[in-house]
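The data block below is run_33.cif; it holds mmCIF, C-alpha atoms and all ligand atoms.
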data_start
#
loop_
_atom_site.label_atom_id
_atom_site.label_comp_id
_atom_site.auth_asym_id
_atom_site.auth_seq_id
_atom_site.Cartn_x
_atom_site.Cartn_y
_atom_site.Cartn_z
CA MET A 1 8.95 13.19 17.57
CA ARG A 2 6.41 10.54 18.65
CA ILE A 3 3.16 10.80 16.76
CA SER A 4 -0.34 9.51 17.51
CA VAL A 5 -2.21 9.22 14.23
CA ILE A 6 -5.98 9.63 14.33
CA ILE A 7 -7.96 8.43 11.34
CA PRO A 8 -11.54 9.71 11.37
CA ALA A 9 -13.60 7.08 9.55
CA ALA A 10 -16.94 7.47 11.28
CA GLY A 11 -18.88 9.31 8.59
CA SER A 12 -21.60 7.86 6.40
CA GLY A 13 -20.48 9.05 2.97
CA ARG A 14 -23.83 10.69 2.24
CA ARG A 15 -22.53 12.75 -0.70
CA LEU A 16 -21.04 9.70 -2.39
CA GLY A 17 -24.41 8.00 -2.13
CA LYS A 18 -23.22 4.38 -1.99
CA GLU A 19 -24.90 1.66 0.04
CA LYS A 20 -22.35 1.91 2.86
CA ASN A 21 -19.77 4.18 4.47
CA LYS A 22 -17.25 5.08 1.72
CA ILE A 23 -14.34 4.24 4.04
CA LEU A 24 -15.31 0.56 3.96
CA LEU A 25 -15.89 0.27 0.19
CA GLU A 26 -13.44 -1.87 -1.79
CA LEU A 27 -11.15 0.33 -3.91
CA GLY A 28 -9.07 -1.91 -6.16
CA SER A 29 -8.05 -4.85 -4.01
CA LYS A 30 -8.76 -3.43 -0.56
CA PRO A 31 -11.02 -1.13 1.45
CA VAL A 32 -10.45 2.64 1.24
CA LEU A 33 -9.41 2.68 4.91
CA SER A 34 -6.52 0.23 4.27
CA TYR A 35 -4.64 2.74 2.12
CA SER A 36 -4.15 5.25 4.94
CA LEU A 37 -3.52 2.56 7.56
CA GLU A 38 -0.86 0.82 5.48
CA PHE A 39 0.77 4.16 4.76
CA PHE A 40 1.06 5.30 8.39
CA ASP A 41 2.18 1.81 9.40
CA THR A 42 5.40 2.56 7.46
CA ILE A 43 6.20 5.98 9.01
CA SER A 44 8.95 5.67 11.60
CA GLN A 45 7.84 8.62 13.80
CA VAL A 46 4.35 7.12 14.19
CA ALA A 47 3.91 5.34 17.53
CA GLU A 48 0.21 4.48 17.36
CA ILE A 49 -2.79 4.63 15.05
CA ILE A 50 -6.28 5.33 16.34
CA ILE A 51 -9.13 4.53 13.98
CA VAL A 52 -12.39 6.29 14.74
CA ALA A 53 -15.20 4.05 13.52
CA ALA A 54 -18.92 4.68 13.20
CA GLY A 55 -21.06 2.93 15.83
CA GLY A 56 -21.69 -0.61 14.53
CA GLU A 57 -18.67 -0.56 12.18
CA GLU A 58 -16.03 -1.10 14.87
CA GLU A 59 -15.57 -4.81 14.13
CA GLU A 60 -15.16 -4.25 10.38
CA CYS A 61 -12.59 -1.52 11.06
CA ARG A 62 -10.76 -3.83 13.47
CA SER A 63 -10.51 -6.54 10.89
CA ILE A 64 -9.17 -4.07 8.28
CA ALA A 65 -6.65 -2.74 10.81
CA LYS A 66 -5.46 -6.27 11.62
CA ASP A 67 -4.48 -6.73 7.97
CA SER A 68 -3.10 -3.22 7.43
CA CYS A 69 -1.22 -2.30 10.62
CA ARG A 70 1.57 -4.85 10.96
CA ARG A 71 4.12 -2.78 12.84
CA LYS A 72 2.34 -0.12 14.86
CA GLU A 73 0.09 -0.23 17.90
CA TRP A 74 -3.51 0.46 16.91
CA GLN A 75 -6.98 0.70 18.39
CA VAL A 76 -10.49 1.38 17.22
CA VAL A 77 -12.70 3.85 19.08
CA THR A 78 -16.31 4.77 18.36
CA GLY A 79 -16.95 8.11 16.67
CA GLY A 80 -19.59 10.77 17.19
CA GLU A 81 -22.25 12.77 15.37
CA GLU A 82 -19.93 15.19 13.54
CA ARG A 83 -16.32 14.86 12.39
CA ARG A 84 -15.15 17.07 15.25
CA ASP A 85 -16.86 14.77 17.80
CA SER A 86 -15.15 11.77 16.20
CA VAL A 87 -11.72 13.38 16.26
CA TYR A 88 -12.24 14.40 19.91
CA ARG A 89 -12.98 10.80 20.86
CA GLY A 90 -9.79 9.79 19.07
CA LEU A 91 -7.88 12.51 20.94
CA LYS A 92 -9.08 11.20 24.27
CA ALA A 93 -7.79 7.75 23.39
CA ALA A 94 -4.36 9.01 22.27
CA SER A 95 -1.38 8.13 24.44
CA PRO A 96 0.10 11.00 26.52
CA ASP A 97 3.52 9.57 25.61
CA CYS A 98 3.18 11.04 22.13
CA ASP A 99 4.07 14.70 21.78
CA TYR A 100 2.36 15.18 18.42
CA ILE A 101 -1.05 14.31 17.02
CA LEU A 102 -1.61 13.89 13.32
CA ILE A 103 -5.12 13.65 11.90
CA HIS A 104 -5.78 12.18 8.49
CA ASP A 105 -9.19 11.55 6.95
CA GLY A 106 -9.79 7.89 6.21
CA ALA A 107 -11.41 9.11 3.00
CA ARG A 108 -8.04 10.31 1.57
CA PRO A 109 -6.32 7.15 0.36
CA PHE A 110 -3.52 8.75 -1.68
CA ILE A 111 -1.20 10.41 0.84
CA THR A 112 2.45 10.04 -0.24
CA HIS A 113 5.80 9.86 1.54
CA LYS A 114 6.87 13.08 -0.16
CA LEU A 115 3.89 15.03 1.24
CA MET A 116 4.41 13.47 4.64
CA ASP A 117 8.11 14.39 4.64
CA ASN A 118 7.26 17.98 3.72
CA LEU A 119 4.78 18.15 6.59
CA LEU A 120 7.08 16.59 9.19
CA THR A 121 10.06 18.73 8.28
CA ALA A 122 8.05 21.97 8.25
CA ASP A 123 9.14 24.55 10.79
CA PHE A 124 5.84 25.05 12.65
CA GLN A 125 4.92 26.44 16.03
CA ASP A 126 1.56 24.89 16.97
CA GLY A 127 0.59 22.97 13.87
CA ALA A 128 0.92 22.46 10.12
CA ILE A 129 -1.51 21.23 7.50
CA LEU A 130 -1.42 20.36 3.82
CA ALA A 131 -3.31 22.87 1.70
CA LEU A 132 -3.65 23.93 -1.93
CA PRO A 133 -4.49 27.34 -3.42
CA LEU A 134 -8.06 27.42 -4.72
CA LYS A 135 -8.37 27.40 -8.50
CA ASP A 136 -11.95 28.54 -8.94
CA THR A 137 -13.44 31.85 -7.95
CA VAL A 138 -15.44 31.44 -4.76
CA LYS A 139 -19.00 32.72 -4.41
CA ARG A 140 -21.24 32.92 -1.39
CA VAL A 141 -24.65 31.82 -2.64
CA GLU A 142 -28.07 31.87 -1.02
CA ALA A 143 -31.13 30.32 -2.67
CA GLY A 144 -29.26 30.03 -5.95
CA CYS A 145 -28.30 33.68 -5.98
CA ILE A 146 -24.79 35.07 -5.52
CA LYS A 147 -24.55 37.24 -2.46
CA LYS A 148 -20.84 37.85 -2.54
CA THR A 149 -17.69 37.01 -4.49
CA ILE A 150 -14.77 36.29 -2.23
CA ALA A 151 -11.37 37.48 -3.48
CA ARG A 152 -9.44 34.34 -4.40
CA ALA A 153 -6.00 35.64 -3.52
CA GLY A 154 -4.82 33.96 -0.33
CA LEU A 155 -7.58 31.33 -0.35
CA TYR A 156 -6.54 27.73 0.17
CA GLY A 157 -8.35 24.44 0.34
CA ALA A 158 -7.35 22.47 3.45
CA GLN A 159 -6.32 18.84 3.12
CA THR A 160 -5.16 16.29 5.65
CA PRO A 161 -2.85 15.19 7.21
CA GLN A 162 -2.84 17.98 9.79
CA ILE A 163 -0.28 17.80 12.58
CA PHE A 164 -0.23 19.60 15.95
CA HIS A 165 1.48 19.59 19.29
CA ARG A 166 -0.65 17.33 21.44
CA ASP A 167 -1.21 19.81 24.27
CA ILE A 168 -2.46 22.70 22.19
CA LEU A 169 -4.72 20.48 20.08
CA LEU A 170 -6.39 18.98 23.16
CA LYS A 171 -6.92 22.39 24.72
CA ALA A 172 -8.17 23.83 21.44
CA TYR A 173 -10.68 21.01 20.98
CA GLU A 174 -12.03 21.37 24.50
CA TYR A 175 -12.34 25.12 24.08
CA ALA A 176 -14.02 24.89 20.66
CA LEU A 177 -16.43 22.11 21.64
CA ASP A 178 -17.43 24.04 24.75
CA ALA A 179 -18.11 27.06 22.57
CA GLY A 180 -20.22 24.91 20.18
CA PHE A 181 -17.89 25.82 17.33
CA GLU A 182 -18.64 23.99 14.09
CA ALA A 183 -15.61 23.02 12.04
CA THR A 184 -14.80 20.56 9.30
CA ASP A 185 -11.08 20.42 9.96
CA ASP A 186 -8.74 20.46 12.94
CA ALA A 187 -6.69 23.55 12.14
CA SER A 188 -9.81 25.71 12.59
CA MET A 189 -10.08 24.51 16.20
CA VAL A 190 -6.49 25.60 16.89
CA GLU A 191 -7.02 28.91 15.03
CA LEU A 192 -10.06 29.66 17.21
CA TYR A 193 -7.92 28.99 20.28
CA GLY A 194 -5.36 31.51 19.01
CA GLY A 195 -2.76 28.99 17.87
CA GLU A 196 -0.50 29.43 14.87
CA VAL A 197 -0.92 26.88 12.10
CA ILE A 198 1.12 26.99 8.91
CA ILE A 199 0.38 25.47 5.53
CA VAL A 200 2.57 23.10 3.54
CA PRO A 201 1.77 22.58 -0.16
CA GLY A 202 -0.57 19.63 -0.60
CA SER A 203 -1.30 17.82 -3.82
CA GLU A 204 -4.30 17.33 -6.08
CA ASP A 205 -3.57 13.61 -5.94
CA ASN A 206 -4.25 13.69 -2.20
CA PHE A 207 -7.96 14.32 -2.82
CA LYS A 208 -10.73 13.27 -0.47
CA ILE A 209 -13.28 10.84 -1.86
CA THR A 210 -16.47 12.84 -1.49
CA THR A 211 -18.56 12.68 -4.68
CA PRO A 212 -19.25 9.97 -7.32
CA TYR A 213 -16.72 11.74 -9.58
CA ASP A 214 -14.04 11.38 -6.89
CA TRP A 215 -14.87 7.70 -6.63
CA GLN A 216 -14.42 7.25 -10.38
CA LYS A 217 -11.11 9.16 -10.24
CA ALA A 218 -9.91 7.00 -7.34
CA ARG A 219 -10.80 3.79 -9.19
CA GLU A 220 -8.87 4.91 -12.26
CA LYS A 221 -5.90 5.87 -10.13
CA VAL A 222 -5.60 2.53 -8.33
CA MET A 223 -5.82 0.64 -11.59
CA THR A 224 -2.43 1.96 -12.64
CA MET A 225 -0.94 2.94 -9.28
CA GLY A 226 2.40 1.49 -8.34
CA LEU A 227 2.45 -1.21 -11.01
CA ARG A 228 5.87 -2.61 -11.95
CA ILE A 229 6.71 -5.23 -14.53
CA GLY A 230 9.76 -7.50 -14.53
CA SER A 231 11.23 -10.21 -16.74
CA GLY A 232 13.68 -13.02 -16.04
CA PHE A 233 15.52 -15.57 -18.18
CA ASP A 234 17.78 -18.49 -17.27
CA VAL A 235 19.44 -21.50 -18.87
CA HIS A 236 21.10 -24.55 -17.33
CA GLY A 237 22.77 -27.44 -19.16
CA PHE A 238 21.96 -31.10 -18.57
CA ILE A 239 24.37 -33.26 -16.63
CA ALA A 240 24.15 -36.88 -15.54
CA GLY A 241 23.91 -37.87 -11.90
CA ARG A 242 21.85 -34.97 -10.53
CA PRO A 243 18.10 -34.82 -9.87
CA LEU A 244 16.12 -32.57 -12.22
CA ILE A 245 14.38 -29.89 -10.12
CA LEU A 246 11.96 -27.50 -11.80
CA GLY A 247 9.79 -25.08 -9.81
CA GLY A 248 10.69 -26.90 -6.60
CA GLU A 249 9.48 -30.25 -7.98
CA GLU A 250 11.66 -33.28 -8.68
CA ILE A 251 10.99 -34.42 -12.26
CA ARG A 252 11.67 -37.97 -13.46
CA HIS A 253 14.39 -37.74 -16.11
CA ASP A 254 17.73 -39.31 -17.03
CA PHE A 255 19.58 -36.03 -16.45
CA GLY A 256 19.59 -33.21 -14.00
CA LEU A 257 20.74 -29.62 -14.52
CA GLU A 258 24.22 -28.42 -13.82
CA GLY A 259 24.69 -25.51 -11.44
CA HIS A 260 26.00 -24.36 -8.09
CA SER A 261 22.57 -24.47 -6.41
CA ASP A 262 19.92 -27.06 -7.24
CA ALA A 263 19.93 -25.42 -10.73
CA ASP A 264 16.15 -24.92 -10.67
CA VAL A 265 16.02 -22.89 -13.87
CA VAL A 266 12.29 -22.15 -13.54
CA THR A 267 12.56 -20.70 -10.05
CA HIS A 268 15.68 -18.74 -11.08
CA ALA A 269 13.87 -17.05 -13.98
CA LEU A 270 10.98 -16.18 -11.67
CA MET A 271 13.31 -14.74 -9.00
CA ASP A 272 15.05 -12.58 -11.57
CA ALA A 273 11.72 -11.32 -12.87
CA VAL A 274 10.64 -10.25 -9.37
CA LEU A 275 14.02 -8.63 -8.62
CA GLY A 276 13.89 -6.94 -12.02
CA ALA A 277 10.44 -5.49 -11.32
CA LEU A 278 11.77 -4.11 -8.03
CA CYS A 279 14.91 -2.79 -9.73
CA ALA A 280 16.79 -4.72 -7.05
CA GLY A 281 19.57 -6.39 -9.01
CA ASP A 282 19.60 -10.08 -9.91
CA ILE A 283 19.99 -13.49 -8.30
CA GLY A 284 23.73 -13.56 -9.05
CA GLY A 285 24.14 -10.47 -6.87
CA HIS A 286 21.89 -11.65 -4.05
CA PHE A 287 23.01 -15.29 -4.00
CA PRO A 288 26.53 -15.34 -5.53
CA PRO A 289 27.29 -18.64 -7.31
CA GLY A 290 30.80 -18.63 -5.82
CA ASP A 291 29.48 -18.53 -2.24
CA PRO A 292 29.70 -22.01 -0.63
CA VAL A 293 26.51 -21.20 1.35
CA TYR A 294 24.54 -21.63 -1.86
CA LYS A 295 26.09 -24.94 -2.87
CA GLY A 296 23.17 -27.25 -3.63
CA ALA A 297 20.78 -24.58 -2.30
CA ASP A 298 17.04 -25.20 -2.54
CA SER A 299 15.95 -22.45 -4.94
CA ILE A 300 12.47 -22.34 -3.40
CA VAL A 301 14.09 -21.14 -0.16
CA LEU A 302 15.86 -18.44 -2.20
CA LEU A 303 12.54 -17.51 -3.84
CA LYS A 304 11.09 -17.00 -0.36
CA ARG A 305 13.94 -14.57 0.35
CA VAL A 306 13.11 -12.69 -2.84
CA ALA A 307 9.48 -12.60 -1.65
CA ALA A 308 10.72 -11.06 1.62
CA ILE A 309 12.64 -8.38 -0.32
CA MET A 310 9.43 -7.66 -2.25
CA GLY A 311 7.52 -7.35 1.04
CA GLU A 312 10.13 -5.04 2.55
CA LYS A 313 9.78 -2.77 -0.46
CA ASN A 314 6.01 -2.87 0.03
CA TYR A 315 5.17 -4.67 -3.18
CA GLU A 316 2.99 -7.69 -3.79
CA LEU A 317 2.66 -9.91 -6.82
CA ILE A 318 -0.37 -9.48 -9.07
CA ASN A 319 0.58 -12.35 -11.38
CA GLY A 320 3.46 -14.18 -12.96
CA ASP A 321 3.73 -16.08 -16.24
CA ILE A 322 6.52 -18.57 -16.83
CA THR A 323 7.48 -20.44 -19.98
CA VAL A 324 9.73 -23.47 -19.62
CA ILE A 325 11.56 -24.25 -22.85
CA ALA A 326 12.51 -27.92 -22.88
CA GLN A 327 12.55 -30.58 -25.58
CA LYS A 328 12.27 -33.25 -22.89
CA PRO A 329 10.99 -34.37 -20.43
CA LYS A 330 7.23 -33.87 -20.71
CA LEU A 331 6.21 -31.46 -17.97
CA ALA A 332 2.42 -31.56 -18.17
CA PRO A 333 2.02 -33.96 -15.19
CA TYR A 334 4.05 -31.62 -12.98
CA ILE A 335 2.69 -28.21 -13.95
CA GLU A 336 0.00 -27.91 -11.25
CA LYS A 337 2.40 -28.86 -8.47
CA ILE A 338 5.03 -26.42 -9.77
CA ARG A 339 2.44 -23.62 -9.81
CA SER A 340 1.46 -24.29 -6.25
CA ASN A 341 5.11 -24.51 -5.05
CA LEU A 342 5.94 -21.16 -6.62
CA ALA A 343 2.73 -19.52 -5.46
CA GLU A 344 3.28 -20.66 -1.89
CA ALA A 345 6.82 -19.28 -1.84
CA LEU A 346 5.56 -15.93 -3.13
CA GLU A 347 2.65 -15.90 -0.69
CA THR A 348 0.07 -15.77 -3.43
CA LEU A 349 -2.57 -18.08 -4.91
CA PRO A 350 -1.81 -20.62 -7.65
CA GLU A 351 -4.24 -18.84 -9.98
CA ASN A 352 -1.75 -15.94 -10.00
CA ILE A 353 1.10 -18.10 -11.28
CA SER A 354 0.93 -19.53 -14.76
CA VAL A 355 3.46 -22.14 -15.89
CA LYS A 356 3.58 -23.28 -19.50
CA ALA A 357 6.02 -25.56 -21.28
CA THR A 358 7.11 -25.58 -24.89
CA THR A 359 9.68 -27.37 -27.04
CA THR A 360 11.77 -25.72 -29.75
CA GLU A 361 10.79 -28.33 -32.37
CA LYS A 362 14.21 -29.92 -31.94
CA LEU A 363 16.00 -26.71 -32.94
CA GLY A 364 18.94 -25.21 -31.11
CA PHE A 365 20.51 -26.29 -27.81
CA VAL A 366 17.12 -27.02 -26.28
CA GLY A 367 16.14 -29.09 -29.33
CA ARG A 368 19.39 -31.05 -29.06
CA GLU A 369 18.47 -31.73 -25.41
CA GLU A 370 21.57 -30.01 -24.09
CA GLY A 371 19.67 -28.07 -21.46
CA ILE A 372 16.53 -26.23 -20.39
CA ALA A 373 15.67 -22.52 -20.59
CA ALA A 374 12.97 -20.64 -18.71
CA GLN A 375 11.58 -17.16 -18.99
CA ALA A 376 9.28 -15.35 -16.59
CA THR A 377 7.28 -12.15 -16.55
CA VAL A 378 5.74 -10.71 -13.39
CA LEU A 379 3.54 -7.78 -12.53
CA LEU A 380 3.84 -6.28 -9.05
CA ARG A 381 1.72 -3.72 -7.27
CA HIS A 382 2.68 -1.30 -4.53
CA LYS A 383 0.80 -2.22 -1.35
N1 LIG B 1 -16.02 11.55 9.79
C1 LIG B 1 -16.01 11.04 11.07
N2 LIG B 1 -17.11 11.23 11.88
C2 LIG B 1 -18.16 11.91 11.45
C3 LIG B 1 -18.18 12.45 10.15
C4 LIG B 1 -17.09 12.26 9.33
O1 LIG B 1 -15.06 10.40 11.49
N3 LIG B 1 -19.21 12.06 12.27
C5 LIG B 1 -14.86 11.31 8.92
C6 LIG B 1 -15.22 10.64 7.61
O2 LIG B 1 -15.32 9.23 7.76
C7 LIG B 1 -14.11 11.08 6.69
C8 LIG B 1 -13.70 12.44 7.26
O3 LIG B 1 -14.29 12.53 8.54
O4 LIG B 1 -12.98 10.24 6.74
C9 LIG B 1 -14.10 13.57 6.35
O5 LIG B 1 -15.49 13.66 6.30
P1 LIG B 1 -16.41 13.60 5.00
O6 LIG B 1 -15.62 13.54 3.77
O7 LIG B 1 -17.45 14.66 5.15
O8 LIG B 1 -17.05 12.14 5.15
P2 LIG B 1 -18.57 11.76 5.41
O9 LIG B 1 -19.09 12.59 6.51
O10 LIG B 1 -18.60 10.29 5.59
O11 LIG B 1 -19.23 12.13 4.01
P3 LIG B 1 -20.56 13.02 3.78
O12 LIG B 1 -20.28 14.34 4.43
O13 LIG B 1 -20.69 13.09 2.31
O14 LIG B 1 -21.67 12.26 4.44
MG MG B 2 -19.23 14.79 6.28
#

Have the structure of the file written as structure tokens, please.
Ligand code: CTP
Ligand code: MG
Amino acid sequence: MRISVIIPAAGSGRRLGKEKNKILLELGSKPVLSYSLEFFDTISQVAEIIIVAAGGEEEECRSIAKDSCRRKEWQVVTGGEERRDSVYRGLKAASPDCDYILIHDGARPFITHKLMDNLLTADFQDGAILALPLKDTVKRVEAGCIKKTIARAGLYGAQTPQIFHRDILLKAYEYALDAGFEATDDASMVELYGGEVIIVPGSEDNFKITTPYDWQKAREKVMTMGLRIGSGFDVHGFIAGRPLILGGEEIRHDFGLEGHSDADVVTHALMDAVLGALCAGDIGGHFPPGDPVYKGADSIVLLKRVAAIMGEKNYELINGDITVIAQKPKLAPYIEKIRSNLAEALETLPENISVKATTTEKLGFVGREEGIAAQATVLLRHK
């Protein structure tokens, strides 16, 4: 199965009533369009992604695609007057090497892997779409007056994605456009052509941003979507004759910390916090202390590997907060540099990494200057 994905994004978002096309509005940390692009970029059967942009918005869509499509081939084509014209332009740009075409509205940012799996594993002849049974009773109304009540049984609301064999979809589009058929989804084109399209249960979460209420709902959803918290803690004892490395910075002190690697207790706590948030074990498992490879290892290099694990799992750091617990030495002169070292390794900005230092008022092992402890908390977000 090789799939061309077409993302119609060439509308104007009239019903939402914002100053620009809803697809390009920032939702949380990124434009609405990015959500679908990033999603399809992770689907193994997808060979290419075609974004259909409104005339004049091609460049903006290209720049969003550059950030969102890291693995797949992609292109931006210019859309038409109606959705069906836009999809048709996308169809014409699709590679004949793909045997399936999947269409997904750029205005539906919350498609999930589960829905996608259900769609791709469905046993369909010509096509399959996500759909949900209607909840409300449907009325045909003219001039404010009900003309007819349509029996609800068997009525479904169509969602996207919708997937079809390439050949039948192309033929169906040509036939329907020739006939001047007006349609707001792709399955109706194939139905008109006599094709058989089945439905797969969709989800209310996979809603299309259409009205101001949808926009509010989408904003609330992204605020809490895919957030994961993690905590890390580490302690190393002082030893003479080693440099003291904290957060990748060499600190002037009479002692260093004892450990198999460079014993950078701050970076270790941070790594464990990130791994914890990902539920991906701990640094001992990833970088075993007994392994000679890690003898004297630069912990910042290991932090970069943890960042790569985070990227592979499609998470990014929102922020991290680290407390270094040390009676001595005084860390204030080093804090800014430590923040920037850690931020760089995690591919984020220093303002997302806080580093604070405290003593224990001479109490306990830290107070007796036997070693240094560090604790870290991080918040990650699914990309
Ligand atoms: N679309 C498109 N080309 C058009 C019209 C719509 O590519 N000429 C796309 C939209 O960008 C959207 C999808 O089709 O991703 C579904 O359309 P809809 O929700 O109706 O979006 P808009 O047409 O932008 O919104 P409205 O109808 O409120 O103006
Ligand atoms: Mg529309």

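Of the listed residues A:Glu82, A:Asp178, A:Glu57, A:Asp67, the one whose atoms come nearest to ligand MG 2 (chain B) is A:Glu82, with distances taken using only C-alpha atoms and all ligand atoms.
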
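Across A:Tyr35, A:Phe110, A:Leu303, A:Leu270, the tightest approach to Lys217 in chain A is made by A:Phe110 when counting all atoms listed in the file.
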
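Taking atom O10 of ligand LIG 1 (chain B) and CA of Glu48 in chain A as the two end points, the separation is 22.9 Å.
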
All residues 8 Å or closer to Ala65 in chain A, all atoms listed in the file, same chain fewer than 3 positions away omitted, as an mmCIF file with C-alpha atoms, in the coordinates of the input:
data_model
loop_
_atom_site.group_PDB
_atom_site.id
_atom_site.type_symbol
_atom_site.label_atom_id
_atom_site.label_comp_id
_atom_site.auth_asym_id
_atom_site.auth_seq_id
_atom_site.Cartn_x
_atom_site.Cartn_y
_atom_site.Cartn_z
ATOM 1 C CA SER A 34 -6.520 0.230 4.270
ATOM 2 C CA LEU A 37 -3.520 2.560 7.560
ATOM 3 C CA CYS A 61 -12.590 -1.520 11.060
ATOM 4 C CA ARG A 62 -10.760 -3.830 13.470
ATOM 5 C CA SER A 68 -3.100 -3.220 7.430
ATOM 6 C CA CYS A 69 -1.220 -2.300 10.620
ATOM 7 C CA TRP A 74 -3.510 0.460 16.910
#

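Counting all atoms listed in the file, the residue from A:Glu26, A:Asn21, A:Arg70, A:Thr184 that sits nearest to Ala53 in chain A is A:Asn21.
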
Can you list every residue of chain A that has an atom at most 7 Å from ligand MG 2 (chain B), with its nearest atom pair and the distance in Å to one decimal, using all atoms listed in the file, ordered by chain then number, as a tab-separated table?
residue	atom	partner	partner_atom	distance
A:Gly11	CA	B:MG2	MG	6.0
A:Gly13	CA	B:MG2	MG	6.7
A:Arg83	CA	B:MG2	MG	6.8

Now that the selection is made, can you save its residues with C-alpha atoms as a CSV table (one decimal), in the coordinates of the input?
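Contents of the output file selection06.csv:
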chain,number,residue,atom,x,y,z
A,11,GLY,CA,-18.9,9.3,8.6
A,13,GLY,CA,-20.5,9.0,3.0
A,83,ARG,CA,-16.3,14.9,12.4

Residues at most 7 Å from range 326-331 of chain A, counting only C-alpha atoms, excluding those fewer than 2 positions away in the same chain, as a PyMOL selection string?
-> chain A and resi 253+324+333-335+357-360+362+366-367+369+372-373

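Taking CA of Asp262 in chain A and CA of Ile338 in chain A as endpoints, the distance between them is 15.1 Å.
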
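Residues in contact with Val265 in chain A at up to 8 Å, not including ones fewer than 6 positions away on its chain and judged by all atoms listed in the file, are Asp234, Val235, His236, Leu246, Gly247, Ile372, Ala373 and Ala374 of chain A.
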
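Those residues positioned at most 7 Å from (-1.5, 2.3, -3.1) are Tyr35, Phe110, Val222, Met225, Gly226, His382 and Lys383 of chain A, judged using only C-alpha atoms.
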
Enumerate, in order of chain and increasing residue number, the residues of chain A with an atom no farther than 6 Å from ligand LIG 1 (chain B), each with its shortest atom pair and distance in Å to one decimal, counting only C-alpha atoms and all ligand atoms, as a Markdown table.
| residue | atom | partner | partner_atom | distance |
| --- | --- | --- | --- | --- |
| A:Pro8 | CA | B:LIG1 | O1 | 3.6 |
| A:Ala9 | CA | B:LIG1 | O2 | 3.3 |
| A:Ala10 | CA | B:LIG1 | O1 | 3.5 |
| A:Gly11 | CA | B:LIG1 | O10 | 3.2 |
| A:Ser12 | CA | B:LIG1 | O10 | 3.9 |
| A:Gly13 | CA | B:LIG1 | O10 | 3.5 |
| A:Arg14 | CA | B:LIG1 | O14 | 3.5 |
| A:Arg15 | CA | B:LIG1 | O13 | 3.5 |
| A:Leu16 | CA | B:LIG1 | O13 | 5.8 |
| A:Val52 | CA | B:LIG1 | O1 | 5.9 |
| A:Gly79 | CA | B:LIG1 | N2 | 5.7 |
| A:Gly80 | CA | B:LIG1 | N3 | 5.1 |
| A:Glu81 | CA | B:LIG1 | N3 | 4.4 |
| A:Glu82 | CA | B:LIG1 | N3 | 3.5 |
| A:Arg83 | CA | B:LIG1 | C2 | 3.6 |
| A:Ser86 | CA | B:LIG1 | N2 | 4.8 |
| A:Asp105 | CA | B:LIG1 | O4 | 4.0 |
| A:Gly106 | CA | B:LIG1 | O4 | 4.0 |
| A:Ala107 | CA | B:LIG1 | O4 | 4.2 |
| A:Thr210 | CA | B:LIG1 | O6 | 5.4 |

Within 9 Å of Leu177 in chain A, counting all atoms listed in the file, which residues show up once you throw out same-chain ones fewer than 3 positions away? Write them as a PyMOL selection string, please.
-> chain A and resi 84-85+88+172-174+180-182+189
